[in-house]
Structure formats: structure tokens, C-alpha cells
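input_14.cif follows; it contains mmCIF, C-alpha atoms.
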```cif
data_work
#
loop_
_atom_site.group_PDB
_atom_site.id
_atom_site.type_symbol
_atom_site.label_atom_id
_atom_site.label_comp_id
_atom_site.auth_asym_id
_atom_site.auth_seq_id
_atom_site.Cartn_x
_atom_site.Cartn_y
_atom_site.Cartn_z
ATOM 1 C CA ASP A 1 -6.234 72.641 56.291
ATOM 2 C CA TYR A 2 -7.455 76.232 56.712
ATOM 3 C CA SER A 3 -11.143 75.320 56.226
ATOM 4 C CA ASP A 4 -10.898 72.834 59.104
ATOM 5 C CA PHE A 5 -9.347 75.575 61.248
ATOM 6 C CA GLU A 6 -12.253 77.928 60.475
ATOM 7 C CA VAL A 7 -14.759 75.224 61.432
ATOM 8 C CA ALA A 8 -12.935 74.635 64.716
ATOM 9 C CA ILE A 9 -12.848 78.354 65.531
ATOM 10 C CA SER A 10 -16.529 78.799 64.671
ATOM 11 C CA LYS A 11 -17.420 76.360 67.450
ATOM 12 C CA PHE A 12 -16.096 78.910 69.935
ATOM 13 C CA ASP A 13 -17.862 81.926 68.410
ATOM 14 C CA THR A 14 -19.895 83.790 70.969
ATOM 15 C CA SER A 15 -23.573 84.136 70.121
ATOM 16 C CA PHE A 16 -24.931 87.482 71.313
ATOM 17 C CA GLN A 17 -28.584 88.288 72.009
ATOM 18 C CA VAL A 18 -30.086 91.737 72.455
ATOM 19 C CA GLY A 19 -30.475 92.354 76.190
ATOM 20 C CA ASP A 20 -27.480 90.195 77.175
ATOM 21 C CA ILE A 21 -25.069 91.654 79.714
ATOM 22 C CA VAL A 22 -21.432 91.050 78.772
ATOM 23 C CA VAL A 23 -18.004 92.004 80.079
ATOM 24 C CA GLY A 24 -15.775 93.815 77.628
ATOM 25 C CA GLN A 25 -12.555 95.781 77.364
ATOM 26 C CA VAL A 26 -12.315 99.238 75.791
ATOM 27 C CA VAL A 27 -9.784 98.943 72.980
ATOM 28 C CA GLN A 28 -10.099 102.032 70.778
ATOM 29 C CA TYR A 29 -11.741 105.473 70.574
ATOM 30 C CA GLU A 30 -13.876 106.356 67.568
ATOM 31 C CA GLN A 31 -15.208 109.724 66.431
ATOM 32 C CA SER A 32 -18.681 108.981 67.797
ATOM 33 C CA GLY A 33 -17.888 106.444 70.488
ATOM 34 C CA ALA A 34 -15.539 103.584 71.332
ATOM 35 C CA LEU A 35 -14.744 100.019 70.276
ATOM 36 C CA VAL A 36 -15.009 97.292 72.897
ATOM 37 C CA ASP A 37 -13.686 93.737 72.794
ATOM 38 C CA VAL A 38 -16.442 91.439 74.057
ATOM 39 C CA GLY A 39 -15.031 88.240 72.550
ATOM 40 C CA GLY A 40 -16.989 88.369 69.309
ATOM 41 C CA LYS A 41 -15.936 88.144 65.665
ATOM 42 C CA SER A 42 -15.204 91.852 65.720
ATOM 43 C CA SER A 43 -15.094 94.652 68.260
ATOM 44 C CA ALA A 44 -18.447 95.887 69.523
ATOM 45 C CA PHE A 45 -19.418 99.554 69.288
ATOM 46 C CA LEU A 46 -20.415 101.856 72.162
ATOM 47 C CA SER A 47 -21.824 105.186 70.951
ATOM 48 C CA THR A 48 -21.290 108.324 73.037
ATOM 49 C CA PRO A 49 -25.033 108.797 73.870
ATOM 50 C CA GLU A 50 -25.126 105.213 75.231
ATOM 51 C CA ALA A 51 -22.039 105.660 77.401
ATOM 52 C CA SER A 52 -23.890 106.969 80.463
ATOM 53 C CA MET A 53 -27.193 108.177 81.923
ATOM 54 C CA HIS A 54 -25.426 111.498 82.298
ATOM 55 C CA ARG A 55 -24.119 113.658 79.464
ATOM 56 C CA VAL A 56 -20.727 112.617 78.095
ATOM 57 C CA ASP A 57 -18.898 115.307 76.099
ATOM 58 C CA ASP A 58 -15.564 113.557 75.723
ATOM 59 C CA MET A 59 -15.400 109.755 75.550
ATOM 60 C CA GLU A 60 -11.646 109.815 76.244
ATOM 61 C CA GLU A 61 -12.292 111.489 79.611
ATOM 62 C CA PHE A 62 -15.098 109.075 80.444
ATOM 63 C CA LEU A 63 -13.509 105.738 79.446
ATOM 64 C CA THR A 64 -9.886 104.619 79.481
ATOM 65 C CA ILE A 65 -8.329 102.216 76.986
ATOM 66 C CA GLY A 66 -7.975 98.882 78.750
ATOM 67 C CA ASP A 67 -10.988 99.444 81.029
ATOM 68 C CA ASN A 68 -12.934 96.245 81.759
ATOM 69 C CA ARG A 69 -16.598 96.625 82.645
ATOM 70 C CA GLU A 70 -20.126 95.405 81.983
ATOM 71 C CA PHE A 71 -22.141 96.416 78.932
ATOM 72 C CA GLN A 72 -25.620 95.584 77.674
ATOM 73 C CA ILE A 73 -26.127 94.486 74.078
ATOM 74 C CA ILE A 74 -28.741 96.721 72.418
ATOM 75 C CA GLY A 75 -28.152 95.803 68.753
ATOM 76 C CA GLY A 76 -27.514 92.407 67.140
ATOM 77 C CA GLU A 77 -24.606 91.585 64.863
ATOM 78 C CA ASP A 78 -24.435 93.460 61.572
ATOM 79 C CA GLU A 79 -22.878 92.100 58.357
ATOM 80 C CA ASN A 80 -19.422 92.562 59.894
ATOM 81 C CA GLY A 81 -20.346 90.731 63.090
ATOM 82 C CA GLN A 82 -20.361 93.930 65.152
ATOM 83 C CA VAL A 83 -22.884 94.402 67.966
ATOM 84 C CA ARG A 84 -23.956 97.681 69.608
ATOM 85 C CA LEU A 85 -23.472 98.218 73.336
ATOM 86 C CA SER A 86 -24.856 100.431 76.083
ATOM 87 C CA ILE A 87 -23.807 101.408 79.590
ATOM 88 C CA ARG A 88 -26.665 103.899 79.888
ATOM 89 C CA ARG A 89 -29.382 101.228 79.810
ATOM 90 C CA LEU A 90 -27.588 99.154 82.420
ATOM 91 C CA GLU A 91 -27.418 102.202 84.676
ATOM 92 C CA PHE A 92 -31.120 102.909 84.128
ATOM 93 C CA ALA A 93 -32.112 99.333 84.962
ATOM 94 C CA ARG A 94 -30.022 99.335 88.128
ATOM 95 C CA ALA A 95 -31.337 102.754 89.173
ATOM 96 C CA TRP A 96 -34.934 101.519 88.816
ATOM 97 C CA GLU A 97 -34.071 98.388 90.789
ATOM 98 C CA ARG A 98 -32.645 100.525 93.588
ATOM 99 C CA VAL A 99 -35.750 102.740 93.548
ATOM 100 C CA ARG A 100 -38.037 99.698 93.870
ATOM 101 C CA GLN A 101 -35.973 98.423 96.785
ATOM 102 C CA ILE A 102 -36.114 101.809 98.542
ATOM 103 C CA GLN A 103 -39.880 101.980 97.999
ATOM 104 C CA ALA A 104 -40.327 98.457 99.396
ATOM 105 C CA GLU A 105 -38.339 99.427 102.502
ATOM 106 C CA ASP A 106 -40.175 102.778 102.696
ATOM 107 C CA CYS A 107 -36.931 104.689 103.177
ATOM 108 C CA THR A 108 -36.499 108.456 102.886
ATOM 109 C CA ILE A 109 -34.214 109.708 100.119
ATOM 110 C CA THR A 110 -32.739 113.098 99.236
ATOM 111 C CA ALA A 111 -32.823 114.519 95.704
ATOM 112 C CA GLU A 112 -32.056 117.776 93.955
ATOM 113 C CA ILE A 113 -34.827 119.967 92.516
ATOM 114 C CA MET A 114 -33.959 120.406 88.832
ATOM 115 C CA SER A 115 -36.784 122.648 87.601
ATOM 116 C CA ILE A 116 -40.172 124.125 88.516
ATOM 117 C CA ASN A 117 -43.321 123.743 86.431
ATOM 118 C CA ARG A 118 -47.028 124.460 86.805
ATOM 119 C CA GLY A 119 -47.825 121.179 88.478
ATOM 120 C CA GLY A 120 -44.857 121.100 90.821
ATOM 121 C CA ALA A 121 -41.186 120.313 90.249
ATOM 122 C CA LEU A 122 -38.823 117.826 88.631
ATOM 123 C CA VAL A 123 -36.162 116.164 90.760
ATOM 124 C CA ASN A 124 -33.147 114.005 89.966
ATOM 125 C CA PHE A 125 -32.448 110.815 91.881
ATOM 126 C CA GLU A 126 -29.521 108.682 90.702
ATOM 127 C CA GLY A 127 -30.053 109.856 87.124
ATOM 128 C CA LEU A 128 -33.806 109.214 87.095
ATOM 129 C CA ARG A 129 -36.250 112.070 86.698
ATOM 130 C CA GLY A 130 -38.997 112.209 89.304
ATOM 131 C CA PHE A 131 -42.104 114.373 89.556
ATOM 132 C CA LEU A 132 -42.810 116.258 92.776
ATOM 133 C CA PRO A 133 -46.472 117.390 92.720
ATOM 134 C CA GLY A 134 -47.168 120.872 94.042
ATOM 135 C CA SER A 135 -49.432 119.423 96.752
ATOM 136 C CA HIS A 136 -46.487 117.365 98.041
ATOM 137 C CA ALA A 137 -43.773 120.019 97.573
ATOM 138 C CA PRO A 138 -42.215 122.303 100.217
ATOM 139 C CA ALA A 139 -44.384 125.316 101.048
ATOM 140 C CA GLY A 140 -43.825 128.397 98.894
ATOM 141 C CA LEU A 141 -42.123 126.518 96.057
ATOM 142 C CA THR A 142 -40.482 129.007 93.646
ATOM 143 C CA GLU A 143 -37.651 129.090 91.111
ATOM 144 C CA ASP A 144 -35.327 129.854 94.032
ATOM 145 C CA ALA A 145 -35.743 126.205 95.076
ATOM 146 C CA VAL A 146 -33.936 124.949 91.947
ATOM 147 C CA GLY A 147 -30.674 123.315 92.983
ATOM 148 C CA THR A 148 -31.766 122.639 96.563
ATOM 149 C CA VAL A 149 -31.738 119.117 97.978
ATOM 150 C CA VAL A 150 -34.906 117.979 99.752
ATOM 151 C CA PRO A 151 -35.985 114.832 101.641
ATOM 152 C CA LEU A 152 -38.501 112.699 99.719
ATOM 153 C CA LYS A 153 -40.613 109.561 99.875
ATOM 154 C CA PHE A 154 -41.729 107.575 96.828
ATOM 155 C CA LEU A 155 -45.456 107.747 96.014
ATOM 156 C CA GLU A 156 -45.409 105.868 92.698
ATOM 157 C CA VAL A 157 -42.744 103.764 90.985
ATOM 158 C CA ASP A 158 -43.591 102.434 87.505
ATOM 159 C CA GLN A 159 -40.632 101.593 85.286
ATOM 160 C CA ALA A 160 -42.852 100.430 82.397
ATOM 161 C CA LYS A 161 -44.435 103.896 82.199
ATOM 162 C CA ASN A 162 -41.178 105.637 83.157
ATOM 163 C CA ARG A 163 -43.164 107.242 85.992
ATOM 164 C CA LEU A 164 -41.576 108.233 89.281
ATOM 165 C CA VAL A 165 -43.647 110.354 91.703
ATOM 166 C CA VAL A 166 -42.239 111.613 95.002
ATOM 167 C CA SER A 167 -43.434 113.525 98.072
ATOM 168 C CA ASN A 168 -41.602 115.961 100.298
ATOM 169 C CA ARG A 169 -44.676 116.432 102.502
ATOM 170 C CA ARG A 170 -44.822 112.741 103.401
ATOM 171 C CA ALA A 171 -41.096 112.642 104.212
ATOM 172 C CA VAL A 172 -41.399 115.693 106.476
ATOM 173 C CA VAL A 173 -44.554 114.433 108.190
ATOM 174 C CA GLU A 174 -43.039 111.028 108.943
ATOM 175 C CA SER A 175 -39.894 112.684 110.252
ATOM 176 C CA ARG A 176 -41.983 114.779 112.634
ATOM 177 C CA LEU A 177 -44.068 111.776 113.643
ATOM 178 C CA THR A 178 -40.987 109.950 114.889
ATOM 179 C CA LYS A 179 -40.452 112.823 117.358
ATOM 180 C CA LEU A 180 -43.957 112.557 118.815
ATOM 181 C CA GLU A 181 -44.689 110.181 121.705
ATOM 182 C CA PRO A 182 -47.804 109.359 123.773
ATOM 183 C CA GLY A 183 -48.021 111.641 126.799
ATOM 184 C CA GLN A 184 -46.230 114.506 125.035
ATOM 185 C CA LEU A 185 -47.725 118.002 125.269
ATOM 186 C CA VAL A 186 -48.174 119.726 121.887
ATOM 187 C CA THR A 187 -49.605 122.977 120.522
ATOM 188 C CA GLY A 188 -51.874 122.927 117.495
ATOM 189 C CA ILE A 189 -54.517 124.706 115.447
ATOM 190 C CA VAL A 190 -58.054 123.375 114.985
ATOM 191 C CA ARG A 191 -58.421 122.866 111.226
ATOM 192 C CA SER A 192 -61.845 121.227 110.929
ATOM 193 C CA ILE A 193 -64.829 120.394 113.114
ATOM 194 C CA LYS A 194 -66.656 117.073 112.739
ATOM 195 C CA PRO A 195 -69.626 115.578 114.621
ATOM 196 C CA TYR A 196 -67.228 113.100 116.261
ATOM 197 C CA GLY A 197 -64.447 115.547 117.145
ATOM 198 C CA ALA A 198 -61.915 117.935 115.632
ATOM 199 C CA PHE A 199 -58.809 117.609 113.490
ATOM 200 C CA VAL A 200 -55.894 119.567 114.895
ATOM 201 C CA ASP A 201 -52.806 120.583 112.909
ATOM 202 C CA ILE A 202 -49.589 119.893 114.831
ATOM 203 C CA GLY A 203 -46.725 121.307 112.772
ATOM 204 C CA GLY A 204 -48.169 120.061 109.485
ATOM 205 C CA ILE A 205 -49.477 116.769 110.886
ATOM 206 C CA SER A 206 -53.182 116.252 111.517
ATOM 207 C CA GLY A 207 -54.285 114.619 114.781
ATOM 208 C CA LEU A 208 -57.794 113.686 115.923
ATOM 209 C CA LEU A 209 -59.222 115.177 119.098
ATOM 210 C CA HIS A 210 -62.205 112.867 119.632
ATOM 211 C CA ILE A 211 -65.356 114.330 121.206
ATOM 212 C CA SER A 212 -64.925 111.996 124.190
ATOM 213 C CA GLN A 213 -61.410 113.367 124.816
ATOM 214 C CA ILE A 214 -62.267 117.080 124.786
ATOM 215 C CA SER A 215 -63.634 117.316 128.350
ATOM 216 C CA HIS A 216 -64.756 115.289 131.331
ATOM 217 C CA ASP A 217 -68.126 116.984 130.873
ATOM 218 C CA HIS A 218 -70.500 115.567 128.264
ATOM 219 C CA ILE A 219 -70.337 117.404 124.928
ATOM 220 C CA ALA A 220 -73.215 117.139 122.456
ATOM 221 C CA ASP A 221 -71.937 119.620 119.860
ATOM 222 C CA VAL A 222 -68.193 120.027 119.214
ATOM 223 C CA ALA A 223 -68.758 123.352 117.416
ATOM 224 C CA LYS A 224 -70.047 124.882 120.668
ATOM 225 C CA VAL A 225 -66.738 124.150 122.404
ATOM 226 C CA LEU A 226 -64.133 124.491 119.636
ATOM 227 C CA GLU A 227 -63.867 126.613 116.489
ATOM 228 C CA GLU A 228 -61.725 126.417 113.351
ATOM 229 C CA GLY A 229 -58.505 128.415 113.656
ATOM 230 C CA GLN A 230 -58.469 128.112 117.448
ATOM 231 C CA GLU A 231 -55.071 127.451 119.026
ATOM 232 C CA LEU A 232 -55.003 124.892 121.789
ATOM 233 C CA LYS A 233 -52.676 122.654 123.742
ATOM 234 C CA ALA A 234 -53.299 118.937 123.890
ATOM 235 C CA MET A 235 -51.656 115.736 125.016
ATOM 236 C CA ILE A 236 -50.833 112.958 122.575
ATOM 237 C CA LEU A 237 -52.932 109.996 123.631
ATOM 238 C CA THR A 238 -52.053 107.253 121.140
ATOM 239 C CA GLN A 239 -49.937 107.018 118.019
ATOM 240 C CA ASP A 240 -49.729 104.789 114.956
ATOM 241 C CA LYS A 241 -46.443 105.647 113.243
ATOM 242 C CA GLU A 242 -46.981 103.182 110.406
ATOM 243 C CA LYS A 243 -50.276 104.816 109.377
ATOM 244 C CA GLY A 244 -49.146 108.327 110.294
ATOM 245 C CA ARG A 245 -52.020 108.855 112.736
ATOM 246 C CA PHE A 246 -52.300 109.975 116.323
ATOM 247 C CA SER A 247 -55.053 110.921 118.738
ATOM 248 C CA LEU A 248 -55.145 113.867 121.128
ATOM 249 C CA SER A 249 -56.712 114.718 124.474
ATOM 250 C CA THR A 250 -57.498 118.018 126.185
ATOM 251 C CA LYS A 251 -59.512 116.220 128.868
ATOM 252 C CA THR A 252 -56.259 115.133 130.535
ATOM 253 C CA LEU A 253 -55.284 118.829 130.833
ATOM 254 C CA GLU A 254 -58.391 119.907 132.762
ATOM 255 C CA ALA A 255 -57.554 120.966 136.301
ATOM 256 C CA GLU A 256 -61.243 120.607 137.076
ATOM 257 C CA PRO A 257 -63.761 118.544 135.074
ATOM 258 C CA GLY A 258 -65.474 120.761 132.498
ATOM 259 C CA ASP A 259 -62.737 123.414 132.224
ATOM 260 C CA MET A 260 -62.584 122.953 128.421
ATOM 261 C CA VAL A 261 -66.281 123.813 128.223
ATOM 262 C CA ARG A 262 -66.294 126.727 130.663
ATOM 263 C CA ASN A 263 -62.830 128.268 130.158
ATOM 264 C CA PRO A 264 -60.670 126.642 127.454
ATOM 265 C CA GLU A 265 -58.150 129.506 127.617
ATOM 266 C CA SER A 266 -57.251 128.604 131.199
ATOM 267 C CA VAL A 267 -56.634 125.009 130.104
ATOM 268 C CA LYS A 268 -54.136 126.235 127.497
ATOM 269 C CA GLU A 269 -52.417 128.628 129.923
ATOM 270 C CA ASN A 270 -52.004 125.987 132.638
ATOM 271 C CA ALA A 271 -51.344 123.021 130.311
ATOM 272 C CA GLU A 272 -47.693 122.452 131.315
ATOM 273 C CA ALA A 273 -48.440 122.340 135.036
ATOM 274 C CA THR A 274 -51.555 120.198 134.564
ATOM 275 C CA ALA A 275 -49.678 117.781 132.281
ATOM 276 C CA GLN A 276 -46.909 117.426 134.863
ATOM 277 C CA ARG A 277 -49.443 116.620 137.616
ATOM 278 C CA TYR A 278 -51.141 114.150 135.276
ATOM 279 C CA HIS A 279 -47.854 112.294 134.651
ATOM 280 C CA GLU A 280 -46.998 112.364 138.364
ATOM 281 C CA ARG A 281 -50.392 110.849 139.177
ATOM 282 C CA LEU A 282 -49.917 108.127 136.553
ATOM 283 C CA GLN A 283 -46.460 107.358 137.938
ATOM 284 C CA ALA A 284 -47.795 107.181 141.497
ATOM 285 C CA GLU A 285 -50.612 104.875 140.409
ATOM 286 C CA GLN A 286 -48.120 102.627 138.593
ATOM 287 C CA GLU A 287 -45.830 102.507 141.620
ATOM 288 C CA ALA A 288 -48.811 101.608 143.818
ATOM 289 C CA ARG A 289 -49.767 98.784 141.460
ATOM 290 C CA ASP A 290 -46.189 97.525 141.394
ATOM 291 C CA GLN A 291 -46.027 97.630 145.205
ATOM 292 C CA ALA A 292 -49.332 95.762 145.534
ATOM 293 C CA ALA A 293 -48.126 93.132 143.055
ATOM 294 C CA SER A 294 -44.850 92.695 144.982
ATOM 295 C CA GLU A 295 -46.692 92.309 148.267
ATOM 296 C CA LEU A 296 -49.037 89.773 146.690
ATOM 297 C CA VAL A 297 -46.130 87.711 145.353
ATOM 298 C CA ALA A 298 -44.346 87.917 148.714
ATOM 299 C CA GLY A 299 -47.515 86.748 150.485
ATOM 300 C CA LEU A 300 -47.851 83.792 148.126
ATOM 301 C CA ASP A 301 -44.189 82.866 148.724
ATOM 302 C CA LEU A 302 -44.733 82.950 152.523
ATOM 303 C CA ASP A 303 -47.844 80.769 152.245
ATOM 304 C CA ALA A 304 -45.939 78.277 150.119
ATOM 305 C CA LEU A 305 -43.080 78.259 152.634
ATOM 306 C CA SER A 306 -45.434 77.686 155.575
ATOM 307 C CA SER A 307 -47.113 74.792 153.785
ATOM 308 C CA SER A 308 -43.732 73.203 153.093
ATOM 309 C CA GLU A 309 -42.682 73.478 156.731
ATOM 310 C CA GLU A 310 -45.939 71.888 157.908
ATOM 311 C CA LEU A 311 -45.380 68.953 155.571
ATOM 312 C CA VAL A 312 -41.837 68.465 156.853
ATOM 313 C CA GLU A 313 -42.973 68.531 160.480
ATOM 314 C CA SER A 314 -45.756 66.005 159.837
#
```
Can you turn what I pasted into C-alpha cells?
Amino acid sequence: DYSDFEVAISKFDTSFQVGDIVVGQVVQYEQSGALVDVGGKSSAFLSTPEASMHRVDDMEEFLTIGDNREFQIIGGEDENGQVRLSIRRLEFARAWERVRQIQAEDCTITAEIMSINRGGALVNFEGLRGFLPGSHAPAGLTEDAVGTVVPLKFLEVDQAKNRLVVSNRRAVVESRLTKLEPGQLVTGIVRSIKPYGAFVDIGGISGLLHISQISHDHIADVAKVLEEGQELKAMILTQDKEKGRFSLSTKTLEAEPGDMVRNPESVKENAEATAQRYHERLQAEQEARDQAASELVAGLDLDALSSSEELVES
């Protein structure tokens, strides 16, 4: 009878839980949203504000009758067995997941500056709002920057606190770092003097010129040789791209030992020629080492051959 039929059908009723992700088909537009068939007792409801992370003015332009897609259940069944759905929350969750993945891989992204405030700027990345602190923003940040797309790195990603902090400065610095190599000649400005050396600004990146790498002559006081604001040329000595650090040397640019102490301006003026001679000397020394190694190996091979011949003869 009919009661038996109802019991049989009830065994196949889908039980929905808030947070579940389901596949449904859009079946009808409503004044404030759309009805979606998700296999329940009645059609589920998707309100216009929950249709997307982005503003939806017309549901009929956003969704098409017959569309099949994923939805997240955000409200349990009411007295009519209807559940409430969301696409927006699915998009948010997936955007945060992508952000975490990008942060883990330490990739550079691009995002649009949406607005400027006292502390910096707000940017939009895949529908998520991020904060760009003034100390990490492009130089001279003004309202004219609104609408521009800038390269960024993630500084902080916290979905629980809905906190996304980004840095343009870090993205730019790392981009410049990839173009710097040991042995390269660079021009910089001395920004600070320390007892152990000086920090030199190279196009927005700070490198250390250690006291032992300033001159072949002994230096007891860095401040007596260098001063803040001084422009100099230096050679990149070592580099750590992962930590964003590199060390510099002016000692390698001295034509004569002590030139940085006696006449630093001449070191800067003749830096290109001195650097070229330095590289030529290194290359010659390497070639000499390679030649000596080859001759040593050849000598060992001849000794081994002679020993083999003596054994055969005996």
C-alpha cells in the first residue's frame, strides 16, 4: 500500500549536514535567488548573496537553468525539507587553499590595488582582500596607484582570522636578487656604518661590505674610510638567494693594495677595468690549476703503464 511505498522511499532520502559539499542542478529562478535540485525531499535554495565571492546583480545572467555544479550546504533542512546552499563559501575556501599553497611554494603573485588607507593599501587576489603595509608598498604610494597591478609575496596567511598580509618590497627585492651573481660589479650607496663593516644599498637591496673586504690594508675604524651616503662600486662576493643576503668586496677592485684607504674615488673610477683584470687573473689561475691536474693525471697514467710493461716482461 501507499504507506509501504513511503517507507521504501524514505530509505533513499539523502541526509544533509551543514558543511557538506553536494552536486546540484539549477532548476528555477526565484526573486532573491534560485532553486537547486540536490536530491533532497525538496529543492534547495541558493540566495543571491551566496552565489559568488563577487557581486551578482542578476542571478539569471550568473546561473543557467540546467547548470550542474558543486554547492556547500550552509543551512540544515527546514520544516519543508529545504536546505540552504552557497557557492561563495566554496570559492572562499578554495581561494584560501590556493593562497596557502602559493605561500608554501614561496611564489610571487600579482594583484590589483583596490584602495589606499593610512597604513598602506588593500589589494584583491582571487576575491580575497589582502593588506599591503605602507612599509612594504611601492615607493610614493598615492591614490593614483588604485587599479594598478603589482607583484607581491605573502607575509602572513591566516584564514581563521581572515588575515592576509602581502609585500611588494619583498617581491621586488627577490626579483632583483635573482639577477645578481658572484663576481658581478655593482654600484651602491653606503646606508649605515657598523664596527664590522658597512651596509650598502644596491637598488633597494642591502649588502654587507665586511671590514676585511674593504681594502688589502688593515682597517681599524670603518668610519674613517667610508661615510653614510657615499656612492661606491663593489664586487658581489657571495650570495644567499634563499635568505636574500649577499656580501660585497671593494678590496678586489684595488689596483694597488690600500687604494680604498688612500684614494677611494680612483677605485670607483677604475672599477670596470680592475674588475676585468681580476676576472682574467682568476681565469688564468684556474686554467693553470686545470693544466697541472691534467699533467699529474697523465704522469700517473704513464707510471701505471710502465709498471704494467715491466710485469709483462718479467
May I have the protein, DNA and RNA residues with any atom at most 9 Å from the point (-36.6, 99.4, 80.9), counting all atoms listed in the file, written as an MDAnalysis selection string?
chainID A and resid 89 92:93 96 159:160 162
Give as a PyMOL selection string each residue that has an atom at most 6 Å from (-33.0, 122.3, 92.8) in the file, counting all atoms listed in the file.
chain A and resi 112-114+145-148
Write a file of the just-selected residues containing C-alpha atoms, as a PDB file, in the frame of the given file.
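Resulting contents of out_5.pdb:
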```pdb
ATOM      1  CA  GLU A 112     -32.056 117.776  93.955  1.00  0.00           C
ATOM      2  CA  ILE A 113     -34.827 119.967  92.516  1.00  0.00           C
ATOM      3  CA  MET A 114     -33.959 120.406  88.832  1.00  0.00           C
ATOM      4  CA  ALA A 145     -35.743 126.205  95.076  1.00  0.00           C
ATOM      5  CA  VAL A 146     -33.936 124.949  91.947  1.00  0.00           C
ATOM      6  CA  GLY A 147     -30.674 123.315  92.983  1.00  0.00           C
ATOM      7  CA  THR A 148     -31.766 122.639  96.563  1.00  0.00           C
TER       8      THR A 148
END
```
Residues near A:Val99, cut-off 9 Å, all atoms listed in the file, skip fewer than 3 positions along chain, as JSON, numbers by chain
{"A": [94, 95, 96, 102, 103, 104, 125, 154, 157]}
Using only C-alpha atoms, determine which residues lie at most 7 Å from A:Ser247, disregarding the query and same-chain residues fewer than 4 positions distant; provide the list as a PyMOL selection string.
chain A and resi 207-209+236-239
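Matched in the shown structure by the PyMOL selection byres ((chain A and resi 73) around 8): Phe16, Gln17, Val18, Gly19, Asp20, Ile21, Val22, Phe71, Gln72, Ile74, Gly75, Gly76, Val83, Arg84, Leu85 and Ser86 of chain A.
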Taking the file as I've supplied it (selection: the PyMOL selection byres ((chain A and resi 134) around 6)), which residues are included? Please answer as a PyMOL selection string.
chain A and resi 119-120+133+135-137
A:Ile65, A:Ala121, A:Leu282, A:Val225: which is nearest A:Ile193, counting all atoms listed in the file?
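With all atoms listed in the file as the atom set, the closest residue is A:Val225.
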Hey, which of A:Gly66, A:Gly299, A:Gly197, A:Gly203 ends up closest to A:Ala220? Count all atoms listed in the file.
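Ranking A:Gly66, A:Gly299, A:Gly197, A:Gly203 by distance to A:Ala220, first place goes to A:Gly197.
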Using all atoms listed in the file, pick whichever of A:Gly40, A:Gly24, A:Val172, A:Ile116 has the shortest atom-to-atom distance to A:Gly140.
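Result for the nearest residue to A:Gly140: A:Ile116.
Relative to atom CA of A:Gly258, atom CA of A:Gly183 is found at 20.5 Å.
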Which residues, written as a list in words, have at least one atom at most 10 Å from stretch 267-281 of chain A, with only C-alpha atoms counted and residues fewer than 4 positions away on the same chain left out?
Gly183, Gln184, Leu185, Val186, Thr187, Glu231, Leu232, Lys233, Ala234, Met235, Thr250, Lys251, Thr252, Leu253, Glu254, Ala255, Glu256, Asp259, Met260, Val261, Arg262, Asn263, Glu285, Gln286 and Glu287 of chain A
Give me, please, the distance in Å between atom CA of A:Ala51 and atom CA of A:Ser32, quoted to one decimal.
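Taking atom CA of A:Ala51 and atom CA of A:Ser32, their separation equals 10.7 Å.
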Output stretch 64-77 of chain A as a PDB file, in the frame of the given file, making sure N, CA and C atoms are there.
```pdb
ATOM      1  N   THR A  64     -11.322 104.757  79.715  1.00  0.00           N
ATOM      2  CA  THR A  64      -9.886 104.619  79.481  1.00  0.00           C
ATOM      3  C   THR A  64      -9.619 103.335  78.708  1.00  0.00           C
ATOM      4  N   ILE A  65      -8.716 103.410  77.732  1.00  0.00           N
ATOM      5  CA  ILE A  65      -8.329 102.216  76.986  1.00  0.00           C
ATOM      6  C   ILE A  65      -7.823 101.159  77.970  1.00  0.00           C
ATOM      7  N   GLY A  66      -8.352  99.955  77.843  1.00  0.00           N
ATOM      8  CA  GLY A  66      -7.975  98.882  78.750  1.00  0.00           C
ATOM      9  C   GLY A  66      -8.972  98.668  79.867  1.00  0.00           C
ATOM     10  N   ASP A  67      -9.942  99.601  80.004  1.00  0.00           N
ATOM     11  CA  ASP A  67     -10.988  99.444  81.029  1.00  0.00           C
ATOM     12  C   ASP A  67     -11.794  98.167  80.785  1.00  0.00           C
ATOM     13  N   ASN A  68     -12.049  97.410  81.833  1.00  0.00           N
ATOM     14  CA  ASN A  68     -12.934  96.245  81.759  1.00  0.00           C
ATOM     15  C   ASN A  68     -14.188  96.543  82.563  1.00  0.00           C
ATOM     16  N   ARG A  69     -15.349  96.356  81.942  1.00  0.00           N
ATOM     17  CA  ARG A  69     -16.598  96.625  82.645  1.00  0.00           C
ATOM     18  C   ARG A  69     -17.761  95.927  81.956  1.00  0.00           C
ATOM     19  N   GLU A  70     -18.934  96.034  82.558  1.00  0.00           N
ATOM     20  CA  GLU A  70     -20.126  95.405  81.983  1.00  0.00           C
ATOM     21  C   GLU A  70     -20.805  96.329  80.976  1.00  0.00           C
ATOM     22  N   PHE A  71     -21.373  95.708  79.956  1.00  0.00           N
ATOM     23  CA  PHE A  71     -22.141  96.416  78.932  1.00  0.00           C
ATOM     24  C   PHE A  71     -23.411  95.615  78.645  1.00  0.00           C
ATOM     25  N   GLN A  72     -24.421  96.280  78.129  1.00  0.00           N
ATOM     26  CA  GLN A  72     -25.620  95.584  77.674  1.00  0.00           C
ATOM     27  C   GLN A  72     -25.691  95.656  76.156  1.00  0.00           C
ATOM     28  N   ILE A  73     -26.013  94.529  75.531  1.00  0.00           N
ATOM     29  CA  ILE A  73     -26.127  94.486  74.078  1.00  0.00           C
ATOM     30  C   ILE A  73     -27.484  95.049  73.674  1.00  0.00           C
ATOM     31  N   ILE A  74     -27.487  96.083  72.833  1.00  0.00           N
ATOM     32  CA  ILE A  74     -28.741  96.721  72.418  1.00  0.00           C
ATOM     33  C   ILE A  74     -28.976  96.581  70.912  1.00  0.00           C
ATOM     34  N   GLY A  75     -27.997  96.013  70.194  1.00  0.00           N
ATOM     35  CA  GLY A  75     -28.152  95.803  68.753  1.00  0.00           C
ATOM     36  C   GLY A  75     -27.431  94.547  68.326  1.00  0.00           C
ATOM     37  N   GLY A  76     -28.114  93.667  67.573  1.00  0.00           N
ATOM     38  CA  GLY A  76     -27.514  92.407  67.140  1.00  0.00           C
ATOM     39  C   GLY A  76     -26.401  92.605  66.123  1.00  0.00           C
ATOM     40  N   GLU A  77     -25.738  91.533  65.785  1.00  0.00           N
ATOM     41  CA  GLU A  77     -24.606  91.585  64.863  1.00  0.00           C
ATOM     42  C   GLU A  77     -25.024  92.090  63.490  1.00  0.00           C
TER      43      GLU A  77
END
```
